[in-house]
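Reproduced below: model-v6.pdb, with PDB, C-alpha atoms.
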```pdb
ATOM      1  CA  MET S 355      67.539-168.966  16.034
ATOM      2  CA  PRO S 356      71.290-169.479  15.428
ATOM      3  CA  LEU S 357      74.159-167.155  16.250
ATOM      4  CA  THR S 358      74.628-164.616  13.473
ATOM      5  CA  ASP S 359      77.665-162.839  14.923
ATOM      6  CA  LEU S 360      80.718-163.555  17.061
ATOM      7  CA  PRO S 361      80.307-165.935  20.030
ATOM      8  CA  LEU S 362      80.302-164.559  23.541
ATOM      9  CA  ALA S 363      83.962-165.254  24.311
ATOM     10  CA  GLN S 364      85.071-163.304  21.228
ATOM     11  CA  CYS S 365      82.669-160.449  22.002
ATOM     12  CA  LEU S 366      84.076-160.192  25.515
ATOM     13  CA  ALA S 367      87.584-159.911  24.067
ATOM     14  CA  LEU S 368      86.588-157.517  21.270
ATOM     15  CA  ARG S 369      88.276-154.110  21.191
ATOM     16  CA  PRO S 370      87.428-152.584  17.805
ATOM     17  CA  ASP S 371      89.444-149.644  16.534
ATOM     18  CA  LEU S 372      86.758-147.150  15.512
ATOM     19  CA  ASP S 373      87.434-144.119  13.339
ATOM     20  CA  GLU S 374      86.761-141.045  15.485
ATOM     21  CA  PRO S 375      86.490-137.598  13.858
ATOM     22  CA  ALA S 376      89.148-135.202  15.141
ATOM     23  CA  ASP S 377      86.486-132.546  15.774
ATOM     24  CA  LEU S 378      83.872-134.824  17.391
ATOM     25  CA  VAL S 379      83.845-132.938  20.708
ATOM     26  CA  ALA S 380      83.877-129.518  19.051
ATOM     27  CA  PHE S 381      81.060-130.571  16.702
ATOM     28  CA  TRP S 382      78.771-131.534  19.568
ATOM     29  CA  ASP S 383      79.768-128.594  21.766
ATOM     30  CA  ARG S 384      78.813-126.246  18.956
ATOM     31  CA  THR S 385      75.582-128.119  18.166
ATOM     32  CA  LEU S 386      74.366-128.090  21.761
ATOM     33  CA  ARG S 387      75.401-124.483  22.327
ATOM     34  CA  GLU S 388      73.374-123.401  19.288
ATOM     35  CA  ALA S 389      70.360-125.394  20.486
ATOM     36  CA  GLY S 390      70.577-123.769  23.911
ATOM     37  CA  ALA S 391      70.614-120.330  22.313
ATOM     38  CA  HIS S 392      67.232-121.079  20.682
ATOM     39  CA  ALA S 393      65.642-122.606  23.771
ATOM     40  CA  THR S 394      62.437-121.391  25.384
ATOM     41  CA  ALA S 395      61.017-122.493  28.726
ATOM     42  CA  PRO S 396      59.485-125.984  28.721
ATOM     43  CA  VAL S 397      55.742-126.289  29.247
ATOM     44  CA  PHE S 398      54.085-129.088  31.259
ATOM     45  CA  THR S 399      50.298-129.324  30.931
ATOM     46  CA  PRO S 400      48.283-131.778  33.081
ATOM     47  CA  VAL S 401      46.364-134.410  31.103
ATOM     48  CA  GLU S 402      43.698-136.920  32.095
ATOM     49  CA  SER S 403      45.062-140.428  31.543
ATOM     50  CA  GLY S 404      42.403-142.427  33.376
ATOM     51  CA  LEU S 405      44.977-143.546  35.952
ATOM     52  CA  THR S 406      44.549-142.695  39.626
ATOM     53  CA  GLN S 407      48.024-143.494  40.948
ATOM     54  CA  VAL S 408      50.008-141.594  38.288
ATOM     55  CA  THR S 409      49.800-137.908  37.408
ATOM     56  CA  THR S 410      50.745-137.151  33.794
ATOM     57  CA  TYR S 411      51.834-133.936  32.086
ATOM     58  CA  ASP S 412      51.999-133.287  28.355
ATOM     59  CA  ALA S 413      55.478-131.818  27.915
ATOM     60  CA  THR S 414      56.773-129.498  25.211
ATOM     61  CA  VAL S 415      60.545-128.902  25.223
ATOM     62  CA  SER S 416      62.733-126.825  22.895
ATOM     63  CA  GLY S 417      64.866-129.281  20.936
ATOM     64  CA  PHE S 418      67.162-128.892  17.959
ATOM     65  CA  ALA S 419      67.023-125.326  16.568
ATOM     66  CA  GLY S 420      64.414-124.525  19.222
ATOM     67  CA  GLU S 421      61.866-126.832  17.563
ATOM     68  CA  PRO S 422      59.186-128.241  19.900
ATOM     69  CA  VAL S 423      59.685-131.795  21.133
ATOM     70  CA  ARG S 424      56.809-133.555  22.837
ATOM     71  CA  GLY S 425      56.895-135.974  25.723
ATOM     72  CA  TRP S 426      55.059-137.318  28.748
ATOM     73  CA  LEU S 427      56.129-136.589  32.288
ATOM     74  CA  HIS S 428      54.668-139.122  34.735
ATOM     75  CA  LEU S 429      54.780-138.561  38.499
ATOM     76  CA  PRO S 430      53.535-140.955  41.185
ATOM     77  CA  ALA S 431      50.359-139.416  42.557
ATOM     78  CA  GLY S 432      50.798-137.881  46.001
ATOM     79  CA  ALA S 433      54.560-138.480  46.054
ATOM     80  CA  LYS S 434      56.937-136.395  48.107
ATOM     81  CA  GLY S 435      59.824-134.922  46.163
ATOM     82  CA  PRO S 436      62.078-134.027  44.604
ATOM     83  CA  LEU S 437      62.198-137.455  42.986
ATOM     84  CA  GLY S 438      64.761-139.492  41.152
ATOM     85  CA  CYS S 439      63.858-139.496  37.470
ATOM     86  CA  VAL S 440      64.138-141.990  34.608
ATOM     87  CA  VAL S 441      64.281-140.372  31.154
ATOM     88  CA  GLU S 442      63.363-142.860  28.448
ATOM     89  CA  PHE S 443      64.145-142.770  24.726
ATOM     90  CA  LEU S 444      62.227-144.967  22.326
ATOM     91  CA  GLY S 445      62.956-147.615  19.722
ATOM     92  CA  TYR S 446      63.077-147.135  15.969
ATOM     93  CA  GLY S 447      59.742-146.052  14.498
ATOM     94  CA  ARG S 448      58.145-145.460  17.890
ATOM     95  CA  GLY S 449      56.567-142.312  19.294
ATOM     96  CA  ARG S 450      55.440-141.559  22.825
ATOM     97  CA  GLY S 451      52.026-143.189  22.294
ATOM     98  CA  LEU S 452      49.142-142.680  24.714
ATOM     99  CA  PRO S 453      49.725-141.289  28.209
ATOM    100  CA  HIS S 454      48.650-144.448  30.053
ATOM    101  CA  GLU S 455      50.760-146.920  28.097
ATOM    102  CA  GLN S 456      54.192-146.672  29.747
ATOM    103  CA  VAL S 457      54.128-145.910  33.458
ATOM    104  CA  LEU S 458      56.432-148.544  34.966
ATOM    105  CA  TRP S 459      58.911-146.098  36.478
ATOM    106  CA  ALA S 460      56.221-143.854  37.952
ATOM    107  CA  ASP S 461      54.608-146.965  39.453
ATOM    108  CA  ALA S 462      57.993-147.682  41.038
ATOM    109  CA  GLY S 463      58.025-144.241  42.688
ATOM    110  CA  TYR S 464      60.147-142.212  40.256
ATOM    111  CA  ALA S 465      59.477-139.334  37.929
ATOM    112  CA  HIS S 466      59.405-140.736  34.387
ATOM    113  CA  PHE S 467      59.909-138.669  31.237
ATOM    114  CA  ILE S 468      59.241-140.288  27.836
ATOM    115  CA  MET S 469      60.575-138.331  24.859
ATOM    116  CA  ASP S 470      58.647-138.424  21.615
ATOM    117  CA  THR S 471      60.932-139.251  18.662
ATOM    118  CA  ARG S 472      60.921-136.636  15.914
ATOM    119  CA  GLY S 473      59.350-137.911  12.730
ATOM    120  CA  GLN S 474      58.647-141.362  14.181
ATOM    121  CA  GLY S 475      55.503-142.864  15.649
ATOM    122  CA  TRP S 476      52.422-140.937  16.607
ATOM    123  CA  SER S 477      50.715-139.492  19.677
ATOM    124  CA  THR S 478      47.642-137.649  20.870
ATOM    125  CA  ALA S 479      47.295-134.319  22.655
ATOM    126  CA  GLY S 480      48.593-132.171  19.825
ATOM    127  CA  GLY S 481      50.231-134.653  17.477
ATOM    128  CA  ASP S 482      53.707-136.096  17.273
ATOM    129  CA  THR S 483      57.059-134.333  16.947
ATOM    130  CA  PRO S 484      57.721-133.715  13.237
ATOM    131  CA  ASP S 485      61.150-133.723  11.681
ATOM    132  CA  THR S 486      61.079-130.385   9.877
ATOM    133  CA  ALA S 487      64.233-130.921   7.796
ATOM    134  CA  ALA S 488      63.534-131.297   4.075
ATOM    135  CA  LEU S 489      66.419-133.755   3.625
ATOM    136  CA  ASN S 490      65.571-137.373   2.947
ATOM    137  CA  GLY S 491      67.680-140.382   2.122
ATOM    138  CA  THR S 492      67.393-142.369  -1.077
ATOM    139  CA  VAL S 493      65.988-145.334   0.843
ATOM    140  CA  PRO S 494      63.137-145.293   3.378
ATOM    141  CA  GLY S 495      64.005-144.761   7.022
ATOM    142  CA  PHE S 496      66.106-142.363   9.075
ATOM    143  CA  LEU S 497      69.691-143.611   8.902
ATOM    144  CA  THR S 498      70.354-142.100   5.482
ATOM    145  CA  ARG S 499      68.385-138.902   6.042
ATOM    146  CA  GLY S 500      70.929-136.111   5.506
ATOM    147  CA  VAL S 501      73.767-138.647   5.383
ATOM    148  CA  GLU S 502      75.908-136.525   3.057
ATOM    149  CA  SER S 503      76.924-134.247   5.935
ATOM    150  CA  PRO S 504      77.090-134.581   9.731
ATOM    151  CA  HIS S 505      75.488-131.130  10.010
ATOM    152  CA  ASP S 506      72.404-132.360   8.133
ATOM    153  CA  HIS S 507      72.088-135.854   9.541
ATOM    154  CA  TYR S 508      68.868-136.884  11.253
ATOM    155  CA  TYR S 509      70.556-138.157  14.408
ATOM    156  CA  ARG S 510      72.246-134.826  15.015
ATOM    157  CA  ARG S 511      68.761-133.446  15.500
ATOM    158  CA  LEU S 512      67.510-136.399  17.537
ATOM    159  CA  PHE S 513      70.491-136.483  19.915
ATOM    160  CA  THR S 514      70.116-132.741  20.447
ATOM    161  CA  ASP S 515      66.417-133.205  21.259
ATOM    162  CA  ALA S 516      67.380-135.831  23.831
ATOM    163  CA  VAL S 517      69.980-133.624  25.526
ATOM    164  CA  ARG S 518      67.541-130.711  25.674
ATOM    165  CA  CYS S 519      64.858-132.936  27.254
ATOM    166  CA  VAL S 520      67.253-134.077  29.991
ATOM    167  CA  GLU S 521      68.178-130.469  30.668
ATOM    168  CA  ALA S 522      64.506-129.462  30.844
ATOM    169  CA  VAL S 523      63.671-132.298  33.249
ATOM    170  CA  ARG S 524      66.581-131.265  35.479
ATOM    171  CA  GLU S 525      64.895-127.929  36.099
ATOM    172  CA  HIS S 526      61.467-129.362  36.933
ATOM    173  CA  PRO S 527      60.556-128.808  40.617
ATOM    174  CA  ALA S 528      59.445-132.444  41.008
ATOM    175  CA  VAL S 529      62.826-133.822  39.912
ATOM    176  CA  ASP S 530      66.084-134.181  41.811
ATOM    177  CA  ARG S 531      68.580-132.897  39.227
ATOM    178  CA  ASP S 532      71.347-135.088  40.684
ATOM    179  CA  ARG S 533      69.376-138.342  40.392
ATOM    180  CA  ILE S 534      68.552-138.679  36.695
ATOM    181  CA  VAL S 535      68.938-141.986  34.864
ATOM    182  CA  VAL S 536      68.612-142.293  31.073
ATOM    183  CA  THR S 537      67.478-145.473  29.382
ATOM    184  CA  GLY S 538      66.162-146.964  26.179
ATOM    185  CA  ILE S 539      65.888-150.094  24.058
ATOM    186  CA  SER S 540      67.527-150.417  20.613
ATOM    187  CA  GLN S 541      67.465-146.898  19.114
ATOM    188  CA  GLY S 542      66.581-145.627  22.574
ATOM    189  CA  GLY S 543      69.616-147.409  23.998
ATOM    190  CA  GLY S 544      71.891-145.751  21.458
ATOM    191  CA  VAL S 545      70.381-142.363  22.244
ATOM    192  CA  ALA S 546      70.865-142.997  25.987
ATOM    193  CA  LEU S 547      74.549-143.784  25.405
ATOM    194  CA  ALA S 548      74.993-140.648  23.306
ATOM    195  CA  VAL S 549      73.327-138.525  25.978
ATOM    196  CA  ALA S 550      75.562-140.114  28.616
ATOM    197  CA  GLY S 551      78.568-138.878  26.656
ATOM    198  CA  LEU S 552      77.142-135.415  26.071
ATOM    199  CA  VAL S 553      75.516-134.552  29.435
ATOM    200  CA  PRO S 554      77.708-134.474  32.550
ATOM    201  CA  GLY S 555      76.387-135.358  35.976
ATOM    202  CA  LEU S 556      73.908-138.113  35.170
ATOM    203  CA  ALA S 557      73.251-140.629  37.930
ATOM    204  CA  GLY S 558      73.033-143.660  35.642
ATOM    205  CA  VAL S 559      72.541-145.093  32.156
ATOM    206  CA  MET S 560      70.674-148.238  31.081
ATOM    207  CA  PRO S 561      71.152-149.099  27.381
ATOM    208  CA  ASP S 562      69.393-152.258  26.200
ATOM    209  CA  VAL S 563      70.471-153.972  22.947
ATOM    210  CA  PRO S 564      71.704-150.547  21.777
ATOM    211  CA  PHE S 565      71.500-149.412  18.165
ATOM    212  CA  LEU S 566      73.909-146.899  16.526
ATOM    213  CA  CYS S 567      77.066-148.513  17.936
ATOM    214  CA  ASP S 568      80.004-149.386  15.644
ATOM    215  CA  ILE S 569      77.714-148.378  12.807
ATOM    216  CA  ARG S 570      80.042-149.464  10.025
ATOM    217  CA  ARG S 571      80.158-153.027  11.330
ATOM    218  CA  GLY S 572      76.404-152.997  11.870
ATOM    219  CA  ALA S 573      75.848-152.007   8.244
ATOM    220  CA  SER S 574      78.133-154.846   7.137
ATOM    221  CA  ILE S 575      76.668-157.748   9.115
ATOM    222  CA  ALA S 576      73.115-156.947  10.336
ATOM    223  CA  ALA S 577      70.538-159.245   8.781
ATOM    224  CA  ARG S 578      67.536-157.006   9.442
ATOM    225  CA  PRO S 579      66.747-153.254   9.365
ATOM    226  CA  PRO S 580      67.534-150.534  10.275
ATOM    227  CA  TYR S 581      71.280-151.059   9.608
ATOM    228  CA  THR S 582      70.352-152.555   6.237
ATOM    229  CA  GLU S 583      69.191-149.084   5.165
ATOM    230  CA  ILE S 584      72.853-148.059   4.958
ATOM    231  CA  ALA S 585      73.804-151.093   2.900
ATOM    232  CA  GLU S 586      70.898-150.431   0.548
ATOM    233  CA  TYR S 587      71.888-146.771   0.176
ATOM    234  CA  LEU S 588      75.483-147.684  -0.628
ATOM    235  CA  ARG S 589      74.365-150.359  -3.057
ATOM    236  CA  LEU S 590      72.766-147.510  -5.009
ATOM    237  CA  HIS S 591      75.548-144.950  -4.377
ATOM    238  CA  ARG S 592      78.775-146.915  -4.727
ATOM    239  CA  ASP S 593      80.960-143.802  -4.713
ATOM    240  CA  ARG S 594      79.752-142.427  -1.350
ATOM    241  CA  THR S 595      80.957-145.063   1.093
ATOM    242  CA  GLU S 596      83.559-142.991   2.923
ATOM    243  CA  THR S 597      81.361-139.882   2.957
ATOM    244  CA  VAL S 598      78.516-141.855   4.508
ATOM    245  CA  PHE S 599      80.606-143.490   7.221
ATOM    246  CA  THR S 600      82.363-140.239   8.026
ATOM    247  CA  THR S 601      78.973-138.623   8.629
ATOM    248  CA  LEU S 602      77.771-141.558  10.712
ATOM    249  CA  SER S 603      80.899-141.483  12.878
ATOM    250  CA  TYR S 604      79.642-138.216  14.401
ATOM    251  CA  VAL S 605      76.555-140.018  15.727
ATOM    252  CA  ASP S 606      78.170-143.344  16.619
ATOM    253  CA  ALA S 607      77.077-143.965  20.200
ATOM    254  CA  ALA S 608      80.116-146.170  20.857
ATOM    255  CA  LEU S 609      82.371-143.156  20.270
ATOM    256  CA  LEU S 610      80.272-140.808  22.395
ATOM    257  CA  ALA S 611      79.929-143.405  25.177
ATOM    258  CA  ALA S 612      83.678-143.269  25.757
ATOM    259  CA  ARG S 613      83.121-139.800  27.270
ATOM    260  CA  ALA S 614      80.441-140.956  29.714
ATOM    261  CA  THR S 615      81.175-141.154  33.435
ATOM    262  CA  ALA S 616      77.870-142.272  35.013
ATOM    263  CA  PRO S 617      77.408-145.892  36.139
ATOM    264  CA  ALA S 618      75.808-148.039  33.420
ATOM    265  CA  LEU S 619      73.808-151.261  33.197
ATOM    266  CA  PHE S 620      74.029-152.759  29.682
ATOM    267  CA  SER S 621      71.993-155.606  28.253
ATOM    268  CA  ILE S 622      73.075-157.449  25.098
ATOM    269  CA  ALA S 623      71.410-160.371  23.289
ATOM    270  CA  MET S 624      73.671-162.835  21.511
ATOM    271  CA  MET S 625      71.169-163.854  18.790
ATOM    272  CA  ASP S 626      70.215-160.284  17.890
ATOM    273  CA  GLU S 627      69.844-159.889  14.105
ATOM    274  CA  VAL S 628      68.891-156.205  14.369
ATOM    275  CA  CYS S 629      71.704-154.886  16.588
ATOM    276  CA  PRO S 630      74.452-157.520  16.294
ATOM    277  CA  PRO S 631      76.000-158.222  19.696
ATOM    278  CA  SER S 632      79.523-157.328  18.573
ATOM    279  CA  THR S 633      78.344-153.771  17.862
ATOM    280  CA  CYS S 634      76.788-153.509  21.321
ATOM    281  CA  PHE S 635      79.959-154.847  22.901
ATOM    282  CA  ALA S 636      81.929-152.153  21.060
ATOM    283  CA  ALA S 637      80.003-149.566  23.087
ATOM    284  CA  TYR S 638      80.239-151.584  26.292
ATOM    285  CA  HIS S 639      84.016-151.942  26.089
ATOM    286  CA  ARG S 640      84.538-148.270  25.221
ATOM    287  CA  TYR S 641      82.139-146.964  27.869
ATOM    288  CA  GLY S 642      83.912-144.452  30.099
ATOM    289  CA  GLY S 643      82.190-145.049  33.437
ATOM    290  CA  ARG S 644      81.647-147.958  35.812
ATOM    291  CA  LYS S 645      79.560-150.591  34.049
ATOM    292  CA  ASP S 646      77.579-153.767  34.630
ATOM    293  CA  LEU S 647      76.472-156.206  31.945
ATOM    294  CA  ARG S 648      73.623-158.674  31.488
ATOM    295  CA  VAL S 649      73.878-161.073  28.523
ATOM    296  CA  ASP S 650      70.956-163.060  27.099
ATOM    297  CA  GLU S 651      72.664-165.855  25.177
ATOM    298  CA  PHE S 652      69.579-167.293  23.469
ATOM    299  CA  ASN S 653      67.533-164.170  22.805
ATOM    300  CA  GLY S 654      67.192-161.958  19.796
ATOM    301  CA  HIS S 655      66.360-158.253  19.656
ATOM    302  CA  GLU S 656      63.669-158.670  22.286
ATOM    303  CA  GLY S 657      66.533-158.954  24.776
ATOM    304  CA  GLY S 658      65.764-159.690  28.403
ATOM    305  CA  GLY S 659      62.170-158.433  28.384
ATOM    306  CA  GLY S 660      60.391-158.435  31.724
ATOM    307  CA  HIS S 661      63.227-160.300  33.419
ATOM    308  CA  HIS S 662      65.589-157.446  32.612
ATOM    309  CA  ARG S 663      63.035-154.813  33.665
ATOM    310  CA  ARG S 664      63.083-156.487  37.074
ATOM    311  CA  GLU S 665      66.880-156.258  37.151
ATOM    312  CA  GLN S 666      66.680-152.587  36.185
ATOM    313  CA  LEU S 667      64.217-151.852  38.975
ATOM    314  CA  THR S 668      66.663-153.315  41.487
ATOM    315  CA  TRP S 669      69.646-151.542  39.941
ATOM    316  CA  VAL S 670      67.952-148.120  39.937
ATOM    317  CA  ARG S 671      66.675-148.556  43.494
ATOM    318  CA  GLU S 672      70.180-149.305  44.741
ATOM    319  CA  LEU S 673      71.705-146.543  42.625
ATOM    320  CA  LEU S 674      69.329-143.834  43.842
ATOM    321  CA  SER S 675      68.841-145.040  47.406
ATOM    322  CA  ALA S 676      71.175-142.524  49.056
ATOM    323  CA  PRO S 677      69.086-140.320  51.392
ATOM    324  CA  ARG S 678      68.589-136.700  50.408
ATOM    325  CA  PRO S 679      69.026-133.960  53.035
ATOM    326  CA  GLU S 680      66.343-131.636  51.667
ATOM    327  CA  ALA S 681      62.912-131.438  53.251
ATOM    328  CA  PRO S 682      60.338-133.218  51.059
ATOM    329  CA  THR S 683      58.039-131.250  48.815
ATOM    330  CA  ASP S 684      54.387-132.240  48.448
ATOM    331  CA  LEU S 685      54.167-132.606  44.660
ATOM    332  CA  SER S 686      50.372-132.583  44.719
ATOM    333  CA  VAL S 687      50.364-128.872  45.568
ATOM    334  CA  LEU S 688      52.800-127.650  42.931
ATOM    335  CA  HIS S 689      51.183-124.827  41.011
ATOM    336  CA  ASP S 690      54.052-123.437  38.963
ATOM    337  CA  PRO S 691      52.512-121.598  35.958
ATOM    338  CA  GLN S 692      54.539-123.864  33.660
ATOM    339  CA  LEU S 693      52.686-126.851  35.124
ATOM    340  CA  ALA S 694      49.214-125.472  34.541
TER
END
```
Please re-express this file's structure in structure tokens.
Amino acid sequence: MPLTDLPLAQCLALRPDLDEPADLVAFWDRTLREAGAHATAPVFTPVESGLTQVTTYDATVSGFAGEPVRGWLHLPAGAKGPLGCVVEFLGYGRGRGLPHEQVLWADAGYAHFIMDTRGQGWSTAGGDTPDTAALNGTVPGFLTRGVESPHDHYYRRLFTDAVRCVEAVREHPAVDRDRIVVTGISQGGGVALAVAGLVPGLAGVMPDVPFLCDIRRGASIAARPPYTEIAEYLRLHRDRTETVFTTLSYVDAALLAARATAPALFSIAMMDEVCPPSTCFAAYHRYGGRKDLRVDEFNGHEGGGGHHRREQLTWVRELLSAPRPEAPTDLSVLHDPQLA
């Protein structure tokens, strides 16, 4: 698989000049304030996963416009808390799946929240999280859904869902609100970067081969979807180029990442045809907090795989290893009505 983008030396030197809307901060402040006004208390219902070392709750959180967002909350069985927590956002087209499928972080001793992605994927225990907006793009997919206006765009809703889930997890009695790390691969990595710029006080951020960064460049050079959805839309609507990229600038994770302050561990793959490395480096270079980087020179969108998971386990352990002064809580005896 050959290089399809700039070589590593040029990516390391890259400092793209991205077009930032003058009202970007005000837009997101208003969006999140409105979502908070519609919020109801989250509900966590125990489910039987078949696992004995992980306790799982089916979560329902108020997301954009107060709409219910589903998720799984995994806790290590019998753990003493409050625990550090990893909040995970998923890749394009993926939902939360079955409760036993993704338990790595709970196995490592952390609380682990997996957010279902509105309108994408599927799940059990009540169905997935639908995208209730009637707006659809001219081409299949999510990038052009509501692309005529930042107020209508799909990722305004999804980013809001993600922020609301982090805020809900912060209030859970099993979670240490000061030790929350957000992470994700591809789309999930872009969402994690956006959340890092929108939610103060996170402990860490781990974006892997992140999508939604320097979106205009991604639409120009990506060889494979989802960025190609934008190119296809503009092939059909030649007169809407500036409107489309103005809308997308409000959800460009490279712009939002500049406002982040938490430590970050990035991973970027140099032969990535889905999220070209130069777009990922745009977010890395603009990131506002302390940052580390792992580069996979001969990998595509699969990135570092299990090797990088091992690096993340070490990074999170070191990041969250500071002792906590509070007396531990036995999580096995929590009987909050919201957990029943």
With a cut-off of 8 Å, could you pull out the residues of region 441-538 of chain S touching region 596-599 of chain S and give me the nearest pair of atoms for each, distance in Å to one decimal, using only C-alpha atoms, ordered by chain and ascending number, as a tab-separated table?
```
residue	atom	partner	partner_atom	distance
S:Val501	CA	S:Val598	CA	5.8
S:Glu502	CA	S:Val598	CA	6.1
S:Ser503	CA	S:Thr597	CA	7.8
```
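This file gives the following result for the PyMOL selection byres ((chain S and resi 357) around 10): Met355, Pro356, Thr358, Asp359, Leu360, Pro361, Leu362, Met624, Met625, Asp626, Glu627, Pro630, Pro631, Glu651, Phe652, Asn653 and Gly654 of chain S.
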_Please enumerate the residues selected by the PyMOL selection byres ((chain S and resi 511-526) around 8) when evaluated against the supplied file, formatted as a VMD selection string._
chain S and resid 385 to 386 389 to 390 396 415 to 418 423 441 443 467 469 471 to 472 507 to 510 527 to 531 534 545 548 to 549 552 to 553
Go ahead and write the residues just picked, C-alpha atoms, as a PDB file, in the frame of the given file.
```pdb
ATOM      1  CA  THR S 385      75.582-128.119  18.166  1.00  0.00           C
ATOM      2  CA  LEU S 386      74.366-128.090  21.761  1.00  0.00           C
ATOM      3  CA  ALA S 389      70.360-125.394  20.486  1.00  0.00           C
ATOM      4  CA  GLY S 390      70.577-123.769  23.911  1.00  0.00           C
ATOM      5  CA  PRO S 396      59.485-125.984  28.721  1.00  0.00           C
ATOM      6  CA  VAL S 415      60.545-128.902  25.223  1.00  0.00           C
ATOM      7  CA  SER S 416      62.733-126.825  22.895  1.00  0.00           C
ATOM      8  CA  GLY S 417      64.866-129.281  20.936  1.00  0.00           C
ATOM      9  CA  PHE S 418      67.162-128.892  17.959  1.00  0.00           C
ATOM     10  CA  VAL S 423      59.685-131.795  21.133  1.00  0.00           C
ATOM     11  CA  VAL S 441      64.281-140.372  31.154  1.00  0.00           C
ATOM     12  CA  PHE S 443      64.145-142.770  24.726  1.00  0.00           C
ATOM     13  CA  PHE S 467      59.909-138.669  31.237  1.00  0.00           C
ATOM     14  CA  MET S 469      60.575-138.331  24.859  1.00  0.00           C
ATOM     15  CA  THR S 471      60.932-139.251  18.662  1.00  0.00           C
ATOM     16  CA  ARG S 472      60.921-136.636  15.914  1.00  0.00           C
ATOM     17  CA  HIS S 507      72.088-135.854   9.541  1.00  0.00           C
ATOM     18  CA  TYR S 508      68.868-136.884  11.253  1.00  0.00           C
ATOM     19  CA  TYR S 509      70.556-138.157  14.408  1.00  0.00           C
ATOM     20  CA  ARG S 510      72.246-134.826  15.015  1.00  0.00           C
ATOM     21  CA  PRO S 527      60.556-128.808  40.617  1.00  0.00           C
ATOM     22  CA  ALA S 528      59.445-132.444  41.008  1.00  0.00           C
ATOM     23  CA  VAL S 529      62.826-133.822  39.912  1.00  0.00           C
ATOM     24  CA  ASP S 530      66.084-134.181  41.811  1.00  0.00           C
ATOM     25  CA  ARG S 531      68.580-132.897  39.227  1.00  0.00           C
ATOM     26  CA  ILE S 534      68.552-138.679  36.695  1.00  0.00           C
ATOM     27  CA  VAL S 545      70.381-142.363  22.244  1.00  0.00           C
ATOM     28  CA  ALA S 548      74.993-140.648  23.306  1.00  0.00           C
ATOM     29  CA  VAL S 549      73.327-138.525  25.978  1.00  0.00           C
ATOM     30  CA  LEU S 552      77.142-135.415  26.071  1.00  0.00           C
ATOM     31  CA  VAL S 553      75.516-134.552  29.435  1.00  0.00           C
TER      32      VAL S 553
END
```
Find the axis-aligned box for region 596-602 of chain S, covering all its listed atoms and adding 5 Å on each side, and write its centre and edge lengths in Å to one decimal as JSON.
```
{"center_x": 80.7, "center_y": -141.1, "center_z": 6.8, "size_x": 15.8, "size_y": 14.9, "size_z": 17.8}
```
_Neighbouring residues of Gly404 (chain S) were defined as those with any atom within 8 Å, considering only C-alpha atoms; residues of the same chain fewer than 2 positions away were excluded. Please report them as a PyMOL selection string._
chain S and resi 402+406+454
*Interatomic distance, CA of His639 (chain S) to CA of Glu665 (chain S) (Å, one decimal)*: 20.8 Å
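Close contacts of Gln474 (chain S), defined as residues with an atom at most 10 Å away when counting all atoms listed in the file, with chain neighbours fewer than 3 positions off set aside, comprise Leu444, Gly445, Tyr446, Gly447, Arg448, Gly449, Arg450, Asp470, Thr471, Ser477, Asp482, Thr483, Pro484, Asp485, Gly495 and Phe496 of chain S.
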*On this file, the PyMOL selection byres ((chain S and resi 466) around 10) gives some set of residues; write that set as a VMD selection string.*
chain S and resid 410 426 to 430 437 to 442 456 to 465 467 to 469 523 529 534 to 536
*Tell me, as an MDAnalysis selection string, which residues lie within 9 Å of Gly643 (chain S), counting only C-alpha atoms; anything in the same chain fewer than 5 positions away does not count.*
chainID S and resid 611:618
*Could you please determine the separation between CA of Arg592 (chain S) and CA of Thr492 (chain S) in Å, to one decimal place?*
12.8 Å
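For the choices S:Ala367, S:Met560, S:Leu590, S:Val397, the atom-to-atom distance to Phe635 (chain S) is smallest for S:Ala367 when using only C-alpha atoms.
When CA of Gly475 (chain S) is paired with CA of Arg648 (chain S), their separation reads 28.8 Å.
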*Counting only C-alpha atoms, figure out which residue out of S:Gln541, S:Ser632, S:Thr595, S:Thr668 gets nearest to Leu368 (chain S).*
S:Ser632
So that I can see what lies close to region 373-378 of chain S, please list as an mmCIF file with C-alpha atoms, in the frame of the given file the residues with an atom at most 12 Å from it, counting only C-alpha atoms and leaving out residues fewer than 4 positions away in the same chain.
```cif
data_model
loop_
_atom_site.group_PDB
_atom_site.id
_atom_site.type_symbol
_atom_site.label_atom_id
_atom_site.label_comp_id
_atom_site.auth_asym_id
_atom_site.auth_seq_id
_atom_site.Cartn_x
_atom_site.Cartn_y
_atom_site.Cartn_z
ATOM 1 C CA TRP S 382 78.771 -131.534 19.568
ATOM 2 C CA ASP S 383 79.768 -128.594 21.766
ATOM 3 C CA ARG S 384 78.813 -126.246 18.956
ATOM 4 C CA THR S 385 75.582 -128.119 18.166
ATOM 5 C CA PRO S 504 77.090 -134.581 9.731
ATOM 6 C CA HIS S 505 75.488 -131.130 10.010
ATOM 7 C CA ARG S 510 72.246 -134.826 15.015
ATOM 8 C CA GLY S 551 78.568 -138.878 26.656
ATOM 9 C CA LEU S 552 77.142 -135.415 26.071
ATOM 10 C CA ASP S 568 80.004 -149.386 15.644
ATOM 11 C CA ILE S 569 77.714 -148.378 12.807
ATOM 12 C CA ARG S 570 80.042 -149.464 10.025
ATOM 13 C CA ARG S 571 80.158 -153.027 11.330
ATOM 14 C CA GLU S 596 83.559 -142.991 2.923
ATOM 15 C CA PHE S 599 80.606 -143.490 7.221
ATOM 16 C CA THR S 600 82.363 -140.239 8.026
ATOM 17 C CA THR S 601 78.973 -138.623 8.629
ATOM 18 C CA LEU S 602 77.771 -141.558 10.712
ATOM 19 C CA SER S 603 80.899 -141.483 12.878
ATOM 20 C CA TYR S 604 79.642 -138.216 14.401
ATOM 21 C CA VAL S 605 76.555 -140.018 15.727
ATOM 22 C CA ASP S 606 78.170 -143.344 16.619
ATOM 23 C CA ALA S 607 77.077 -143.965 20.200
ATOM 24 C CA ALA S 608 80.116 -146.170 20.857
ATOM 25 C CA LEU S 609 82.371 -143.156 20.270
ATOM 26 C CA LEU S 610 80.272 -140.808 22.395
ATOM 27 C CA ALA S 612 83.678 -143.269 25.757
ATOM 28 C CA ARG S 613 83.121 -139.800 27.270
#
```
